[in-house]
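Listing of input.cif; format and content: mmCIF, C-alpha atoms (C1' of nucleotides).
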data_target
#
loop_
_atom_site.label_atom_id
_atom_site.label_comp_id
_atom_site.auth_asym_id
_atom_site.auth_seq_id
_atom_site.Cartn_x
_atom_site.Cartn_y
_atom_site.Cartn_z
CA MET O 1 2.64 19.67 -4.82
CA ARG O 2 4.79 17.24 -6.77
CA ILE O 3 7.24 15.30 -4.70
CA THR O 4 10.90 14.63 -5.41
CA LYS O 5 13.21 11.87 -4.29
CA ALA O 6 15.03 14.33 -2.05
CA ASP O 7 11.74 15.14 -0.34
CA VAL O 8 11.15 11.49 0.41
CA ILE O 9 14.59 11.02 1.94
CA GLN O 10 14.34 14.24 3.89
CA THR O 11 10.94 13.36 5.28
CA ALA O 12 12.06 9.88 6.26
CA ALA O 13 15.17 11.29 7.91
CA ASP O 14 13.09 13.75 9.89
CA ILE O 15 10.86 10.96 11.14
CA ALA O 16 13.91 8.95 12.15
CA ASP O 17 15.27 11.92 14.09
CA LYS O 18 11.97 12.58 15.79
CA ASN O 19 10.70 9.06 16.49
CA GLY O 20 13.59 6.71 15.91
CA LEU O 21 14.55 4.48 13.02
CA SER O 22 12.08 1.77 13.97
CA ASN O 23 9.22 4.18 13.33
CA VAL O 24 10.24 4.86 9.78
CA SER O 25 7.82 2.95 7.59
CA LEU O 26 6.64 3.60 4.08
CA LYS O 27 3.16 4.12 5.47
CA VAL O 28 4.26 6.88 7.82
CA VAL O 29 6.55 8.50 5.28
CA ALA O 30 3.73 8.56 2.74
CA GLU O 31 1.33 10.06 5.28
CA ASN O 32 3.80 12.81 6.06
CA LEU O 33 4.05 13.59 2.37
CA ASN O 34 0.29 13.39 1.83
CA ILE O 35 0.54 10.71 -0.79
CA ARG O 36 -0.38 7.02 -0.84
CA THR O 37 2.20 4.44 0.13
CA PRO O 38 2.67 2.82 -3.30
CA SER O 39 3.41 6.22 -4.81
CA LEU O 40 6.70 6.19 -2.96
CA TYR O 41 7.90 3.54 -5.37
CA ASN O 42 8.12 6.21 -8.01
CA HIS O 43 11.06 7.57 -6.04
CA ILE O 44 12.65 4.65 -4.25
CA ASP O 45 13.32 0.96 -4.85
CA SER O 46 12.40 -0.38 -1.44
CA LEU O 47 12.29 0.48 2.23
CA GLU O 48 15.82 -0.86 2.64
CA SER O 49 17.15 1.30 -0.13
CA LEU O 50 15.43 4.32 1.40
CA LEU O 51 17.14 3.67 4.70
CA ARG O 52 20.45 3.34 2.94
CA GLU O 53 19.89 6.66 1.23
CA ILE O 54 19.15 8.33 4.53
CA ALA O 55 22.42 6.94 5.85
CA HIS O 56 24.39 7.98 2.78
CA ASN O 57 22.98 11.49 2.84
CA GLY O 58 23.84 11.77 6.50
CA MET O 59 27.35 10.49 6.03
CA LYS O 60 27.96 12.91 3.20
CA THR O 61 26.65 15.82 5.23
CA MET O 62 28.88 14.85 8.12
CA ASN O 63 31.87 14.63 5.82
CA GLU O 64 31.18 18.09 4.48
CA ARG O 65 30.77 19.58 7.91
CA MET O 66 33.94 17.96 9.14
CA MET O 67 35.85 19.28 6.17
CA GLN O 68 34.52 22.76 6.92
CA ALA O 69 35.49 22.37 10.55
CA ALA O 70 39.03 21.40 9.66
CA ILE O 71 39.68 24.36 7.43
CA GLY O 72 42.48 26.52 8.79
CA LYS O 73 43.52 23.96 11.35
CA ILE O 74 46.21 21.30 11.60
CA GLY O 75 47.37 18.63 13.97
CA ASP O 76 45.63 17.80 17.21
CA ASP O 77 43.56 20.92 16.90
CA ALA O 78 42.07 19.81 13.60
CA ILE O 79 41.41 16.28 14.83
CA LYS O 80 39.60 17.52 17.89
CA SER O 81 37.63 19.94 15.83
CA ILE O 82 36.24 17.30 13.53
CA GLY O 83 35.57 15.09 16.51
CA ILE O 84 33.35 17.73 18.05
CA THR O 85 31.65 18.27 14.70
CA TYR O 86 30.98 14.53 14.48
CA LEU O 87 29.43 14.53 17.93
CA ASN O 88 27.37 17.61 17.22
CA TYR O 89 25.88 16.05 14.13
CA MET O 90 24.92 12.99 16.10
CA ILE O 91 23.23 15.08 18.77
CA GLU O 92 21.31 17.01 16.14
CA HIS O 93 20.40 13.91 14.15
CA PRO O 94 20.23 10.85 16.34
CA GLY O 95 17.84 9.09 13.98
CA ILE O 96 20.09 9.59 11.00
CA TYR O 97 23.02 8.41 13.05
CA GLU O 98 21.08 5.32 14.03
CA THR O 99 20.47 4.73 10.34
CA ILE O 100 24.16 5.13 9.64
CA GLN O 101 24.86 2.42 12.17
CA TRP O 102 22.25 0.26 10.53
CA ALA O 103 24.07 0.82 7.26
CA THR O 104 27.26 -0.45 8.86
CA TRP O 105 25.62 -3.87 8.70
CA HIS O 106 23.50 -3.41 5.58
CA GLY O 107 25.77 -1.23 3.50
CA THR O 108 26.71 -1.45 -0.14
CA GLU O 109 29.76 -0.44 -2.14
CA GLU O 110 28.50 3.13 -2.10
CA THR O 111 28.46 3.06 1.69
CA GLY O 112 32.08 1.98 1.68
CA LYS O 113 33.04 4.76 -0.70
CA ILE O 114 31.52 7.47 1.45
CA PHE O 115 33.24 6.03 4.49
CA ASP O 116 36.51 6.10 2.56
CA ASN O 117 36.07 9.82 1.98
CA TYR O 118 35.88 10.26 5.71
CA LEU O 119 39.00 8.15 6.16
CA SER O 120 40.75 10.22 3.58
CA LEU O 121 40.02 13.44 5.45
CA LEU O 122 41.25 11.92 8.69
CA LYS O 123 44.37 10.68 6.94
CA THR O 124 45.31 14.13 5.76
CA LEU O 125 44.83 15.54 9.21
CA ALA O 126 46.73 12.71 10.87
CA LEU O 127 49.67 13.44 8.60
CA SER O 128 49.58 17.07 9.73
CA CYS O 129 50.14 15.76 13.27
CA ASN O 130 53.66 14.72 12.34
CA PHE O 131 52.99 11.02 12.91
CA ASN O 132 55.16 8.51 11.14
CA PRO O 133 53.27 7.67 7.94
CA VAL O 134 54.22 4.02 8.33
CA ASN O 135 51.74 3.72 11.18
CA LEU O 136 48.96 5.64 9.53
CA ASP O 137 46.53 2.75 9.32
CA GLU O 138 46.83 1.92 12.99
CA ILE O 139 46.36 5.57 13.83
CA LEU O 140 43.28 5.90 11.66
CA ASN O 141 41.73 2.75 13.05
CA LEU O 142 42.16 4.04 16.56
CA LEU O 143 40.84 7.51 15.80
CA THR O 144 37.76 6.30 13.93
CA GLY O 145 37.12 3.70 16.60
CA VAL O 146 37.27 6.17 19.46
CA LEU O 147 35.04 8.64 17.70
CA HIS O 148 32.43 6.09 16.78
CA GLY O 149 32.41 4.27 20.08
CA TYR O 150 32.71 7.25 22.35
CA THR O 151 29.94 9.22 20.70
CA THR O 152 27.61 6.24 20.46
CA LEU O 153 27.93 5.36 24.12
CA GLN O 154 27.67 8.93 25.30
CA LEU O 155 24.71 9.83 23.13
CA ARG O 156 22.22 9.07 25.86
CA TYR O 157 23.75 11.78 28.03
CA ALA O 158 24.26 14.14 25.14
CA PHE O 159 20.74 15.54 25.14
CA THR O 160 20.67 16.54 28.77
CA LYS O 161 24.30 17.62 29.16
CA PRO O 162 25.61 18.40 25.69
CA ASP O 163 28.33 20.72 26.92
CA LYS O 164 29.71 18.20 29.36
CA VAL O 165 29.73 15.47 26.72
CA ARG O 166 31.50 17.76 24.27
CA ALA O 167 34.12 18.71 26.83
CA ASP O 168 34.62 15.07 27.79
CA LEU O 169 35.07 14.05 24.18
CA SER O 170 37.65 16.74 23.79
CA ALA O 171 39.50 15.45 26.84
CA ALA O 172 39.26 11.87 25.61
CA LEU O 173 40.74 12.86 22.27
CA ASP O 174 43.54 14.68 24.11
CA THR O 175 44.32 11.47 25.91
CA VAL O 176 44.32 9.38 22.77
CA LEU O 177 46.43 11.93 20.91
CA ALA O 178 48.90 11.97 23.79
CA GLY O 179 49.25 8.23 23.46
CA LEU O 180 49.61 8.47 19.71
CA HIS O 181 52.30 11.15 19.93
CA GLN O 182 54.25 9.19 22.48
CA LYS O 183 54.21 6.15 20.27
CA TYR O 184 54.25 7.39 16.72
CA ASP O 185 55.78 10.87 16.59
CA GLN O 186 58.39 11.30 13.96
CA HIS O 187 61.73 12.50 15.23
CA GLU O 188 63.50 14.89 12.94
CA LYS O 189 66.73 13.48 11.70
CA GLU O 190 69.37 15.21 13.77
CA HIS O 191 72.50 14.74 11.71
CA LEU O 192 72.32 14.72 7.97
CA MET H 1 10.19 -32.45 22.14
CA ARG H 2 8.89 -29.72 24.39
CA ILE H 3 10.51 -26.38 23.90
CA THR H 4 11.80 -23.99 26.51
CA LYS H 5 12.29 -20.25 26.50
CA ALA H 6 16.03 -20.77 26.45
CA ASP H 7 15.65 -22.87 23.28
CA VAL H 8 13.79 -20.07 21.58
CA ILE H 9 16.43 -17.49 22.44
CA GLN H 10 19.25 -19.83 21.49
CA THR H 11 17.67 -20.65 18.14
CA ALA H 12 17.02 -17.02 17.37
CA ALA H 13 20.57 -16.11 18.34
CA ASP H 14 21.95 -18.81 16.06
CA ILE H 15 19.92 -17.50 13.16
CA ALA H 16 21.19 -13.99 13.86
CA ASP H 17 24.78 -15.23 13.85
CA LYS H 18 24.30 -17.19 10.66
CA ASN H 19 22.08 -14.88 8.62
CA GLY H 20 22.10 -11.52 10.34
CA LEU H 21 19.64 -9.82 12.64
CA SER H 22 17.32 -8.77 9.84
CA ASN H 23 16.63 -12.42 9.06
CA VAL H 24 15.40 -13.17 12.54
CA SER H 25 11.62 -13.41 12.30
CA LEU H 26 9.13 -15.35 14.38
CA LYS H 27 8.29 -17.34 11.29
CA VAL H 28 11.87 -18.48 10.76
CA VAL H 29 12.51 -19.12 14.45
CA ALA H 30 9.38 -21.23 14.66
CA GLU H 31 10.37 -23.20 11.57
CA ASN H 32 13.76 -23.93 13.07
CA LEU H 33 12.07 -25.23 16.18
CA ASN H 34 9.48 -27.23 14.25
CA ILE H 35 6.55 -25.47 15.85
CA ARG H 36 3.99 -23.00 14.53
CA THR H 37 4.64 -19.29 14.85
CA PRO H 38 1.92 -18.48 17.41
CA SER H 39 3.28 -21.14 19.75
CA LEU H 40 6.28 -18.93 20.33
CA TYR H 41 4.04 -16.63 22.34
CA ASN H 42 4.02 -19.25 25.05
CA HIS H 43 7.65 -18.30 25.63
CA ILE H 44 8.05 -14.70 24.60
CA ASP H 45 6.05 -11.49 24.70
CA SER H 46 6.87 -10.17 21.25
CA LEU H 47 9.54 -10.14 18.59
CA GLU H 48 11.06 -7.04 20.16
CA SER H 49 11.31 -8.67 23.54
CA LEU H 50 12.92 -11.73 21.97
CA LEU H 51 15.56 -9.56 20.37
CA ARG H 52 16.19 -7.88 23.67
CA GLU H 53 16.63 -11.23 25.34
CA ILE H 54 19.15 -12.29 22.73
CA ALA H 55 21.06 -9.10 23.46
CA HIS H 56 20.85 -9.52 27.22
CA ASN H 57 22.00 -13.12 27.06
CA GLY H 58 24.90 -12.11 24.88
CA MET H 59 25.90 -9.25 27.13
CA LYS H 60 25.82 -11.50 30.17
CA THR H 61 27.91 -14.13 28.45
CA MET H 62 30.44 -11.51 27.42
CA ASN H 63 30.59 -10.21 30.97
CA GLU H 64 31.26 -13.69 32.30
CA ARG H 65 33.94 -14.36 29.76
CA MET H 66 35.63 -11.05 30.45
CA MET H 67 35.61 -11.74 34.16
CA GLN H 68 37.20 -15.11 33.53
CA ALA H 69 39.77 -13.50 31.29
CA ALA H 70 40.70 -10.97 33.94
CA ILE H 71 41.33 -13.51 36.68
CA GLY H 72 44.91 -13.44 37.82
CA LYS H 73 45.69 -10.23 35.98
CA ILE H 74 45.91 -6.58 36.91
CA GLY H 75 46.60 -3.27 35.26
CA ASP H 76 47.15 -2.83 31.55
CA ASP H 77 47.49 -6.54 31.17
CA ALA H 78 44.00 -7.17 32.51
CA ILE H 79 42.45 -4.41 30.42
CA LYS H 80 43.99 -5.74 27.25
CA SER H 81 42.94 -9.22 28.11
CA ILE H 82 39.28 -8.33 28.43
CA GLY H 83 39.54 -6.26 25.27
CA ILE H 84 40.67 -9.28 23.30
CA THR H 85 37.93 -11.36 24.90
CA TYR H 86 35.38 -8.74 23.84
CA LEU H 87 36.64 -8.83 20.27
CA ASN H 88 36.70 -12.62 20.20
CA TYR H 89 33.09 -12.81 21.27
CA MET H 90 32.10 -10.44 18.54
CA ILE H 91 33.93 -12.47 15.91
CA GLU H 92 32.27 -15.64 17.13
CA HIS H 93 28.82 -14.07 17.41
CA PRO H 94 28.41 -11.20 14.98
CA GLY H 95 24.63 -11.59 14.93
CA ILE H 96 24.34 -11.40 18.67
CA TYR H 97 26.63 -8.41 18.68
CA GLU H 98 24.45 -6.76 16.07
CA THR H 99 21.51 -7.39 18.38
CA ILE H 100 23.39 -5.86 21.29
CA GLN H 101 23.87 -2.74 19.21
CA TRP H 102 20.19 -2.75 18.38
CA ALA H 103 19.53 -2.93 22.11
CA THR H 104 21.63 0.18 22.59
CA TRP H 105 18.74 2.01 20.97
CA HIS H 106 15.87 -0.18 22.12
CA GLY H 107 17.05 -1.15 25.57
CA THR H 108 15.23 -1.24 28.85
CA GLU H 109 16.29 -0.84 32.47
CA GLU H 110 17.53 -4.41 32.42
CA THR H 111 19.81 -3.56 29.52
CA GLY H 112 21.26 -0.73 31.54
CA LYS H 113 21.87 -2.96 34.53
CA ILE H 114 23.80 -5.53 32.53
CA PHE H 115 25.86 -2.77 31.00
CA ASP H 116 26.56 -1.48 34.49
CA ASN H 117 27.99 -4.85 35.45
CA TYR H 118 30.42 -4.51 32.60
CA LEU H 119 31.32 -1.00 33.75
CA SER H 120 31.84 -2.27 37.23
CA LEU H 121 34.34 -4.88 36.06
CA LEU H 122 36.19 -2.29 34.03
CA LYS H 123 36.21 0.05 37.00
CA THR H 124 37.91 -2.50 39.23
CA LEU H 125 40.53 -3.16 36.62
CA ALA H 126 41.09 0.52 35.94
CA LEU H 127 41.75 1.05 39.64
CA SER H 128 44.37 -1.70 39.49
CA CYS H 129 46.15 0.42 36.89
CA ASN H 130 46.99 2.99 39.55
CA PHE H 131 44.98 5.74 37.90
CA ASN H 132 43.73 8.57 40.05
CA PRO H 133 40.21 7.54 41.12
CA VAL H 134 39.01 11.08 40.63
CA ASN H 135 39.21 10.61 36.90
CA LEU H 136 37.66 7.18 36.82
CA ASP H 137 34.57 8.16 34.86
CA GLU H 138 36.55 9.79 32.09
CA ILE H 139 38.79 6.75 31.94
CA LEU H 140 35.89 4.34 31.75
CA ASN H 141 34.16 6.35 29.07
CA LEU H 142 37.27 6.30 26.96
CA LEU H 143 37.95 2.60 27.45
CA THR H 144 34.39 1.51 26.70
CA GLY H 145 34.26 3.84 23.73
CA VAL H 146 37.46 2.54 22.19
CA LEU H 147 36.46 -1.06 22.67
CA HIS H 148 33.03 -0.61 21.19
CA GLY H 149 34.06 1.57 18.31
CA TYR H 150 37.24 -0.20 17.40
CA THR H 151 35.73 -3.65 17.36
CA THR H 152 32.65 -2.55 15.46
CA LEU H 153 34.60 -0.89 12.72
CA GLN H 154 37.14 -3.67 12.42
CA LEU H 155 34.60 -6.48 12.42
CA ARG H 156 34.46 -6.61 8.66
CA TYR H 157 38.16 -7.52 8.54
CA ALA H 158 37.94 -9.77 11.55
CA PHE H 159 36.71 -12.81 9.65
CA THR H 160 39.46 -12.89 7.10
CA LYS H 161 42.34 -11.70 9.28
CA PRO H 162 41.37 -12.38 12.88
CA ASP H 163 44.95 -12.51 14.13
CA LYS H 164 45.86 -9.19 12.61
CA VAL H 165 42.75 -7.53 14.03
CA ARG H 166 43.47 -8.96 17.46
CA ALA H 167 47.06 -7.74 17.35
CA ASP H 168 45.95 -4.32 16.15
CA LEU H 169 43.42 -4.02 18.95
CA SER H 170 46.12 -4.88 21.43
CA ALA H 171 48.35 -2.18 19.97
CA ALA H 172 45.49 0.33 20.01
CA LEU H 173 44.81 -0.39 23.65
CA ASP H 174 48.52 0.06 24.38
CA THR H 175 48.33 3.47 22.81
CA VAL H 176 45.24 4.48 24.74
CA LEU H 177 46.68 3.18 28.00
CA ALA H 178 49.87 5.09 27.36
CA GLY H 179 47.83 8.26 27.02
CA LEU H 180 45.86 7.45 30.14
CA HIS H 181 48.97 6.80 32.19
CA GLN H 182 50.59 9.98 31.04
CA LYS H 183 47.54 11.95 32.07
CA TYR H 184 46.03 10.21 35.03
CA ASP H 185 48.72 8.17 36.83
CA GLN H 186 48.79 8.65 40.54
CA HIS H 187 52.12 9.69 41.95
CA GLU H 188 52.95 8.05 45.23
CA LYS H 189 53.21 10.52 48.02
CA GLU H 190 56.90 10.96 48.54
CA HIS H 191 57.10 12.36 52.05
CA LEU H 192 54.72 11.21 54.69
"C1'" DT Y 1 -0.37 24.54 -29.89
"C1'" DT Y 2 -0.54 19.86 -30.48
"C1'" DG Y 3 0.95 15.30 -29.90
"C1'" DA Y 4 4.35 11.99 -28.04
"C1'" DC Y 5 6.62 10.93 -24.04
"C1'" DT Y 6 7.78 10.83 -19.20
"C1'" DT Y 7 6.81 11.33 -14.59
"C1'" DT Y 8 4.17 10.66 -10.67
"C1'" DA Y 9 0.14 9.94 -8.69
"C1'" DC Y 10 -3.74 6.67 -7.99
"C1'" DT Y 11 -6.65 2.16 -6.81
"C1'" DA Y 12 -6.78 -2.63 -6.30
"C1'" DA Y 13 -4.67 -6.80 -5.25
"C1'" DT Y 14 -0.99 -9.73 -3.25
"C1'" DT Y 15 2.25 -11.27 0.07
"C1'" DA Y 16 4.43 -11.64 4.35
"C1'" DT Y 17 4.65 -11.25 9.07
"C1'" DA Y 18 3.25 -10.26 13.81
"C1'" DT Y 19 -0.18 -10.79 16.93
"C1'" DT Y 20 -4.65 -12.30 19.32
"C1'" DA Y 21 -8.37 -15.60 20.53
"C1'" DG Y 22 -9.95 -19.72 21.68
"C1'" DT Y 23 -9.09 -24.72 22.14
"C1'" DT Y 24 -6.87 -29.06 23.43
"C1'" DA Y 25 -3.60 -32.33 24.99
"C1'" DA Y 26 0.27 -33.35 27.60
"C1'" DA Y 27 2.95 -32.51 31.82
"C1'" DA Y 28 3.45 -31.27 36.39
"C1'" DT Y 29 1.55 -30.73 40.91
"C1'" DT Y 30 -1.40 -31.65 44.63
"C1'" DA T 1 -6.53 -39.57 40.65
"C1'" DA T 2 -7.90 -34.84 40.29
"C1'" DT T 3 -6.51 -30.33 39.32
"C1'" DT T 4 -3.81 -26.94 37.50
"C1'" DT T 5 -0.39 -25.26 34.45
"C1'" DT T 6 2.12 -25.36 30.30
"C1'" DA T 7 2.70 -25.38 25.64
"C1'" DA T 8 1.12 -26.85 21.55
"C1'" DC T 9 -2.49 -26.17 17.87
"C1'" DT T 10 -5.90 -23.84 14.26
"C1'" DA T 11 -8.30 -19.91 12.81
"C1'" DA T 12 -8.68 -15.17 12.41
"C1'" DT T 13 -7.07 -10.29 12.38
"C1'" DA T 14 -3.99 -6.35 11.58
"C1'" DT T 15 -0.44 -4.03 9.54
"C1'" DA T 16 3.13 -3.16 6.27
"C1'" DA T 17 5.68 -3.90 1.98
"C1'" DT T 18 5.35 -4.66 -2.58
"C1'" DT T 19 3.44 -5.36 -7.46
"C1'" DA T 20 0.28 -4.48 -11.37
"C1'" DG T 21 -2.18 -1.74 -14.02
"C1'" DT T 22 -4.07 2.87 -15.01
"C1'" DA T 23 -4.82 7.82 -15.41
"C1'" DA T 24 -3.65 12.53 -15.00
"C1'" DA T 25 -0.40 16.05 -15.13
"C1'" DG T 26 3.95 18.00 -16.74
"C1'" DT T 27 7.76 18.35 -20.44
"C1'" DC T 28 9.34 19.14 -24.80
"C1'" DA T 29 9.99 18.95 -29.83
"C1'" DA T 30 7.82 19.76 -34.21
#

Write-out of the structure in structure tokens:
Amino acid sequence: MRITKADVIQTAADIADKNGLSNVSLKVVAENLNIRTPSLYNHIDSLESLLREIAHNGMKTMNERMMQAAIGKIGDDAIKSIGITYLNYMIEHPGIYETIQWATWHGTEETGKIFDNYLSLLKTLALSCNFNPVNLDEILNLLTGVLHGYTTLQLRYAFTKPDKVRADLSAALDTVLAGLHQKYDQHEKEHL
Amino acid sequence: MRITKADVIQTAADIADKNGLSNVSLKVVAENLNIRTPSLYNHIDSLESLLREIAHNGMKTMNERMMQAAIGKIGDDAIKSIGITYLNYMIEHPGIYETIQWATWHGTEETGKIFDNYLSLLKTLALSCNFNPVNLDEILNLLTGVLHGYTTLQLRYAFTKPDKVRADLSAALDTVLAGLHQKYDQHEKEHL
DNA sequence: TTGACTTTACTAATTATATTAGTTAAAATT
DNA sequence: AATTTTAACTAATATAATTAGTAAAGTCAA
């Protein structure tokens, strides 16, 4: 009967997934929780901060899932695996993903930190691809960019043809990785 | 003294660029135009539709600029050129770009049509790269994805180090194009 | 168990904004 | 010049976020 902060965030996230971010209002969240709107302020600071918390929760969950997905894998294989995991999360939680994009523009330090955790995972995996560490930043920028852009633009097809979109993402990552290997692969020193 | 629909959109777009999309309200737009809020309804249908018009205007302008930028160029050169143009627009008009992203989620048929024009330009240029036309869709999806994702994620650095971000985007596109060529280049028929 | 304290709910009131209705004057059109 | 359209206005309404102040229920130490 008593409501916790986690309940509030969860409920709001569910509404976002079902009806879109623009339909998340304190009024609707409160109704879903069977409390009055002002009571929400016992758990949150403002609507904005609630949205940010939805985004942060989502980002953290994605990070965890991607870490899980990378376990036991290295190189291109690992990169593609987390890419598919990223896409899958977005298909499952389009509203949360929309909120994450909102947070790109309305984020705080915390938002940046969670994003850095993601970068840090990608960095480890990129190193396992045998790329020259000197170019790591360029490589990360490209990988994060492709993932974000590709999944966002393909999301509208992802509900009707999820398998095709997944396969296409995999192919797209193959292409990008091919380019990266051609350009940044480290050659073993031949004569020492 | 009399205000036109174009004035309203322009004013709203300027506010978005200066203060961010979330600070675009009918109240503020009206104040900037020195009219009362309800008078705006002589020009627009709703706040939502105004935002959509900002996005559509911006997308059309980008399309025009990219077409200009592609004139006299083919192949990788042309692709990179429109990529830089895309990034430049975003740096100049972050608020409009934010609105375009909003329209990704709240778009109409019209939004789709304008996006198709962009795709159509990219398609022509991709064909001039000598890629196998069979794979055109995959190629377009990757190119649009990289452009959107890369620019979005790099925007925060783009104001302080625009030249670096531009150079990095160029390098990233080189990488992607290298991958695309390796995978999709058409081999001329050798014996006819 | 009781009493202090904290948490979380409530109602009532305030503020801000979008939107509608109805009106009028200027501009454009015939 | 008469008519129609356009675009401004004021006044009113609706909805949502937020604040203030209060009460009940839960927690915990003595």

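Using the PyMOL selection byres ((chain H) within 10 of (chain T)) on the file at hand returns these residues: Arg2, Ile3, Thr4, Ile35, Arg36, Pro38, Ser39, Leu40, Tyr41, Asn42 and His43 of chain H.
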
Would you mind listing, for every residue of chain Y within 10 Å of chain H, the two atoms forming the shortest contact and the distance between them in Å to one decimal, using all atoms listed in the file, sorted by chain and ascending residue number, as a tab-separated table?
residue	atom	partner	partner_atom	distance
Y:DA16	C1'	H:Lys27	CA	9.8
Y:DT17	C1'	H:Lys27	CA	7.4
Y:DA18	C1'	H:Leu26	CA	7.8
Y:DT19	C1'	H:Pro38	CA	8.0
Y:DT20	C1'	H:Pro38	CA	9.2
Y:DA26	C1'	H:Arg2	CA	9.9
Y:DA27	C1'	H:Arg2	CA	9.9

Enumerate as an MDAnalysis selection string the residues belonging to chain H that approach chain O to within 7 Å, with all atoms listed in the file taken into account.
chainID H and resid 141:142 145:146 148:150 153 172 175:176 178:180 183

Point-to-point distance from CA of Leu125 (chain O) to CA of Ala70 (chain O), Å rounded to tenths: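 It comes out at 8.3 Å.
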
For CA of Cys129 (chain H) and CA of Gln186 (chain H), determine how far apart the two atoms are, in Å to one decimal place.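 Spanning CA of Cys129 (chain H) to CA of Gln186 (chain H) is a straight-line distance of 9.4 Å.
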
Axis-aligned box for all listed atoms of region 16-29 of chain O, 5 Å per side, centre and edges in Å to one decimal, as lines of an AutoDock Vina configuration file:
center_x = 9.2
center_y = 7.2
center_z = 10.3
size_x = 22.1
size_y = 20.8
size_z = 22.4

Which distance in Å separates CA of Thr111 (chain H) and CA of Gly83 (chain H), to one decimal?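 Spanning CA of Thr111 (chain H) to CA of Gly83 (chain H) is a straight-line distance of 20.4 Å.
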